[in-house]
Each structure stands twice: as structure tokens, then as C-alpha cells.
Amino acid sequence: MQTALITGANRGLGFEIARQLGLRGFQVFISGRSAEPLEQAASRLSQEGIQAIPLLMDVSRKDSIREAARQFSRRGLLLGVLINNAAILLKNDSRLSLDADEIMEQTITTNGYGPLWVSKAFLPYLDNPARIVMLSSGGGSMTDPVGGWSPAYCVSKTLLNSITRQLAYELRGRNIAVNAVCPGWVRTDMGGRGATRPVAKGAETPVWLASEAPQSLSGKFFRDKKAIEW
Ligand SMILES: NC(=O)c1ccc[n+]([C@@H]2O[C@H](COP(=O)([O-])OP(=O)(O)OC[C@H]3O[C@@H](n4cnc5c(N)ncnc54)[C@H](OP(=O)(O)O)[C@@H]3O)[C@@H](O)[C@H]2O)c1
């Protein structure tokens, strides 16, 4: 049985990715920063016959990531898949030139450093072959025009895209594919009710990258199972 770890999996896309991987026979470690919603998510997945194990981890805190990796190591398992999904989009993220520094600091820490710190901490437990999937956004694109929304969030996803490329290069010798994905505009708490895509559709490409996509695909940015410009 293959094992996957998904960050921020208590709700939204992370939960749905865990569900879809679970239904494909993966054992899923679902991580999140609060115990209760995580336990509830694990129990909902178990009701669908999915082996879901909660793992407490705040991706913005190195001590929490270290402790989660220590807890995971006790199981003597290897991960075939790591999905860096957890992220924030702060309500008052509106103008880089005017907003309090804390908006950018919190956003970059969670959305940029978080996936890097988690990838580093779990690297010793990644199998050969393995896959790392980064949940990015078209907002991080350097080729699309600037949209004028949530600029700190968009900068954090540009950073994440760059981290994806660098890690893909560094980890190619270990047979670890590292890719970024834009899920589209998805109806979750973050995407809002007006978003165009249901959560199942948003999870489709991340799940494909975690399972059926050729292992040789690495260092790329995907939307709807097709490589797109960075
Ligand atoms: N929805 C969209 O339209 C859209 C579009 C493009 C990209 N994305 C990306 O897709 C991913 C999932 O988005 P979503 O729409 O599912 O968002 P969401 O509904 O807001 O869910 C975010 C998840 O991340 C978790 N999280 C936030 N900060 C965390 C931290 N410090 N440590 C651990 N977990 C943390 C949340 O946990 P709590 O419950 O504890 O807050 C929650 O489980 C994100 O990377 C997002 O940027 C989404």
C-alpha cells in the first residue's frame, strides 16, 4: 500500500485530495494545525473505508514540523507522496505598498517557507520513487498579467513556484518528482461560493500528479493535467 501525506487536509482541497487518494487505495496521513477538526476529518474518511491517520502539524512553525516528522518516523513507513497543500489568503491582503509587514510575513511563512520546511523535514522518509506536489496558484504566475488581488498571496505562490523548480533540480538524483499545480478557482472557504469549480475538479490534477502522471515529469507547473508557463 502506498502512503501519502497531505498538509492542511482537515477541509477544502486538502481533504478532497486525501479522499481521492484514499479511494485509490493510498493510506493517507492527513495533517493540520488543530486536533479536533483533524480527528473529525479522519473519522469522515474512515467512514468511506479510507485508512486516514491524523498528524498534528502547523506548517508555519518549524518546531511543529519537526515534531510531526518525529511522530511519523516512529511508524517505520516511507512516503510515496507528499502534498504541500496548506496555505492562507488573508482578508486584509490588499496592497503591498501599504499593508502592515505582518501580512506579507505570515503569508510568505505559511505558503512559501512552510512547503520548503515540510519537504526538508520529510525528505528522509520519502521513498524511491516519490512525488512532491505543491498547491500553487495562477496568481503566482510571472507570465500572466498582475490581477490586482491579494498581492502577498500571489508573491508567496511565485516563491513556491521557484522553490518547486529548485527542489525538482536538486532531487532528480533521488527519483523524487517535484511539481506545482494551479487547481483553478475552486469552491472552498478560500475560493468562496462564487468560484467556478467544484472541489472534486480542483483536486483532479493534484491527484493525477500524485499517482498516474509519468514519474519523469518534474520541475513543471500544471493546470488541468497540462504543463503551463511559469
Ligand atoms: N480555492 C481556490 O480557488 C484555490 C485556487 C488556487 C490555489 N489554491 C490553493 O489550494 C490549496 C488549498 O486551498 P483551499 O481552497 O482548500 O483553502 P482552504 O479552504 O482555506 O483550506 C486551507 C487549509 O490549509 C490549512 N492551513 C492553513 N494554515 C495552516 C498552517 N499554518 N498549518 C497547517 N495547516 C494550515 C487550513 O487549516 P485550518 O482549518 O486550521 O485553517 C485548511 O485545512 C492552497 O494552497 C491554496 O492556495 C486554492
# chains A, B, ... in the order shown; residues from 1 in each chain; ligands from 1

$ residues_around --residues "region 118-120 of chain A" --least-positions-apart "4" --cutoff "8 Å" --atoms "only C-alpha atoms" --output "PDB file with C-alpha atoms, in the first residue's frame"
ATOM      1  CA  VAL A  59       3.383  24.334   8.615  1.00  0.00           C
ATOM      2  CA  ILE A  65       7.036  20.317  11.675  1.00  0.00           C
ATOM      3  CA  LEU A  82       3.881  14.482  -0.132  1.00  0.00           C
ATOM      4  CA  ASN A  84       2.084  20.611   0.274  1.00  0.00           C
ATOM      5  CA  GLY A 114       6.094  26.077   5.061  1.00  0.00           C
ATOM      6  CA  ILE A 132       6.067  16.068  -4.083  1.00  0.00           C
TER       7      ILE A 132
END

$ residues_near_ligand --ligand "ligand 1" --cutoff "7 Å" --atoms "only C-alpha atoms and all ligand atoms" --output "PyMOL selection string"
chain A and resi 7-14+31-34+57-60+85-88+110-111+135-138+182-191+195

$ atom_distance --atom1 "CA of Ala4 (chain A)" --atom2 "CA of Trp230 (chain A)"
26.1 Å

$ residues_around --residues "region 95-103 of chain A" --least-positions-apart "3" --cutoff "7 Å" --atoms "only C-alpha atoms" --output "list of chain:residue names"
A:Gln106, A:Thr107, A:Pro151, A:Ala152

$ select_by_dssp --residues "region 7-144 of chain A" --states "strand (DSSP E)" --output "mmCIF file with N, CA and C atoms, in the first residue's frame"
data_model
loop_
_atom_site.group_PDB
_atom_site.id
_atom_site.type_symbol
_atom_site.label_atom_id
_atom_site.label_comp_id
_atom_site.auth_asym_id
_atom_site.auth_seq_id
_atom_site.Cartn_x
_atom_site.Cartn_y
_atom_site.Cartn_z
ATOM 1 N N GLN A 27 -2.865 4.824 1.801
ATOM 2 C CA GLN A 27 -3.002 5.146 3.214
ATOM 3 C C GLN A 27 -2.655 6.629 3.332
ATOM 4 N N VAL A 28 -3.531 7.440 3.942
ATOM 5 C CA VAL A 28 -3.278 8.878 3.952
ATOM 6 C C VAL A 28 -3.021 9.413 5.357
ATOM 7 N N PHE A 29 -1.911 10.129 5.492
ATOM 8 C CA PHE A 29 -1.652 10.891 6.711
ATOM 9 C C PHE A 29 -2.196 12.286 6.449
ATOM 10 N N ILE A 30 -3.219 12.663 7.203
ATOM 11 C CA ILE A 30 -3.807 13.988 6.995
ATOM 12 C C ILE A 30 -3.275 14.890 8.106
ATOM 13 N N SER A 31 -2.654 15.998 7.690
ATOM 14 C CA SER A 31 -2.091 16.870 8.714
ATOM 15 C C SER A 31 -2.832 18.190 8.747
ATOM 16 N N GLY A 32 -2.791 18.816 9.928
ATOM 17 C CA GLY A 32 -3.458 20.083 10.161
ATOM 18 C C GLY A 32 -2.973 20.663 11.470
ATOM 19 N N ALA A 52 -7.109 6.657 7.205
ATOM 20 C CA ALA A 52 -6.659 8.051 7.382
ATOM 21 C C ALA A 52 -6.118 8.238 8.793
ATOM 22 N N ILE A 53 -4.878 8.727 8.861
ATOM 23 C CA ILE A 53 -4.229 8.909 10.165
ATOM 24 C C ILE A 53 -3.949 10.399 10.382
ATOM 25 N N PRO A 54 -4.486 10.993 11.462
ATOM 26 C CA PRO A 54 -4.240 12.409 11.710
ATOM 27 C C PRO A 54 -2.808 12.653 12.189
ATOM 28 N N LEU A 55 -2.227 13.750 11.742
ATOM 29 C CA LEU A 55 -0.873 14.123 12.160
ATOM 30 C C LEU A 55 -0.881 15.629 12.394
ATOM 31 N N LEU A 56 -0.728 16.008 13.654
ATOM 32 C CA LEU A 56 -0.782 17.429 14.001
ATOM 33 C C LEU A 56 0.461 18.139 13.467
ATOM 34 N N LEU A 79 7.096 7.454 2.582
ATOM 35 C CA LEU A 79 6.051 8.173 1.847
ATOM 36 C C LEU A 79 6.309 8.082 0.349
ATOM 37 N N GLY A 80 5.266 7.716 -0.395
ATOM 38 C CA GLY A 80 5.363 7.785 -1.857
ATOM 39 C C GLY A 80 4.980 9.173 -2.354
ATOM 40 N N VAL A 81 4.186 9.873 -1.542
ATOM 41 C CA VAL A 81 3.624 11.158 -1.969
ATOM 42 C C VAL A 81 3.598 12.146 -0.798
ATOM 43 N N LEU A 82 4.049 13.369 -1.076
ATOM 44 C CA LEU A 82 3.881 14.482 -0.132
ATOM 45 C C LEU A 82 3.160 15.599 -0.866
ATOM 46 N N ILE A 83 2.010 15.995 -0.335
ATOM 47 C CA ILE A 83 1.248 17.097 -0.951
ATOM 48 C C ILE A 83 1.327 18.311 -0.031
ATOM 49 N N ASN A 84 2.029 19.353 -0.481
ATOM 50 C CA ASN A 84 2.084 20.611 0.274
ATOM 51 C C ASN A 84 0.896 21.458 -0.159
ATOM 52 N N LEU A 126 11.003 9.907 2.404
ATOM 53 C CA LEU A 126 10.458 9.787 1.052
ATOM 54 C C LEU A 126 11.074 8.573 0.372
ATOM 55 N N ASP A 127 10.230 7.827 -0.286
ATOM 56 C CA ASP A 127 10.605 6.581 -0.953
ATOM 57 C C ASP A 127 11.355 6.880 -2.257
ATOM 58 N N ASN A 128 11.803 5.848 -2.931
ATOM 59 C CA ASN A 128 12.361 5.953 -4.282
ATOM 60 C C ASN A 128 11.583 4.987 -5.173
ATOM 61 N N PRO A 129 10.722 5.448 -6.092
ATOM 62 C CA PRO A 129 10.466 6.843 -6.425
ATOM 63 C C PRO A 129 9.471 7.482 -5.447
ATOM 64 N N ALA A 130 9.417 8.840 -5.505
ATOM 65 C CA ALA A 130 8.417 9.573 -4.721
ATOM 66 C C ALA A 130 8.012 10.825 -5.485
ATOM 67 N N ARG A 131 6.937 11.433 -5.001
ATOM 68 C CA ARG A 131 6.414 12.641 -5.676
ATOM 69 C C ARG A 131 6.080 13.694 -4.624
ATOM 70 N N ILE A 132 6.487 14.929 -4.909
ATOM 71 C CA ILE A 132 6.067 16.068 -4.083
ATOM 72 C C ILE A 132 5.199 16.954 -4.971
ATOM 73 N N VAL A 133 4.013 17.302 -4.470
ATOM 74 C CA VAL A 133 3.101 18.169 -5.228
ATOM 75 C C VAL A 133 2.870 19.445 -4.418
ATOM 76 N N MET A 134 3.107 20.586 -5.053
ATOM 77 C CA MET A 134 2.903 21.886 -4.403
ATOM 78 C C MET A 134 1.609 22.498 -4.928
ATOM 79 N N LEU A 135 0.674 22.818 -4.019
ATOM 80 C CA LEU A 135 -0.552 23.512 -4.436
ATOM 81 C C LEU A 135 -0.222 24.985 -4.601
#

$ select_by_dssp --residues "chain A" --states "helix (DSSP H, G or I)" --output "PyMOL selection string"
chain A and resi 12-23+35-47+62-73+101-125+138-140+151-174+199-210

$ closest_residue --among "A:Leu90, A:Ile17, A:Thr164, A:Cys154" --to "Pro115 (chain A)" --atoms "only C-alpha atoms"
A:Thr164

$ atom_distance --atom1 "CA of Ser64 (chain A)" --atom2 "CA of Gly49 (chain A)"
28.8 Å

$ atom_distance --atom1 "CA of Gly147 (chain A)" --atom2 "CA of Leu89 (chain A)"
14.8 Å
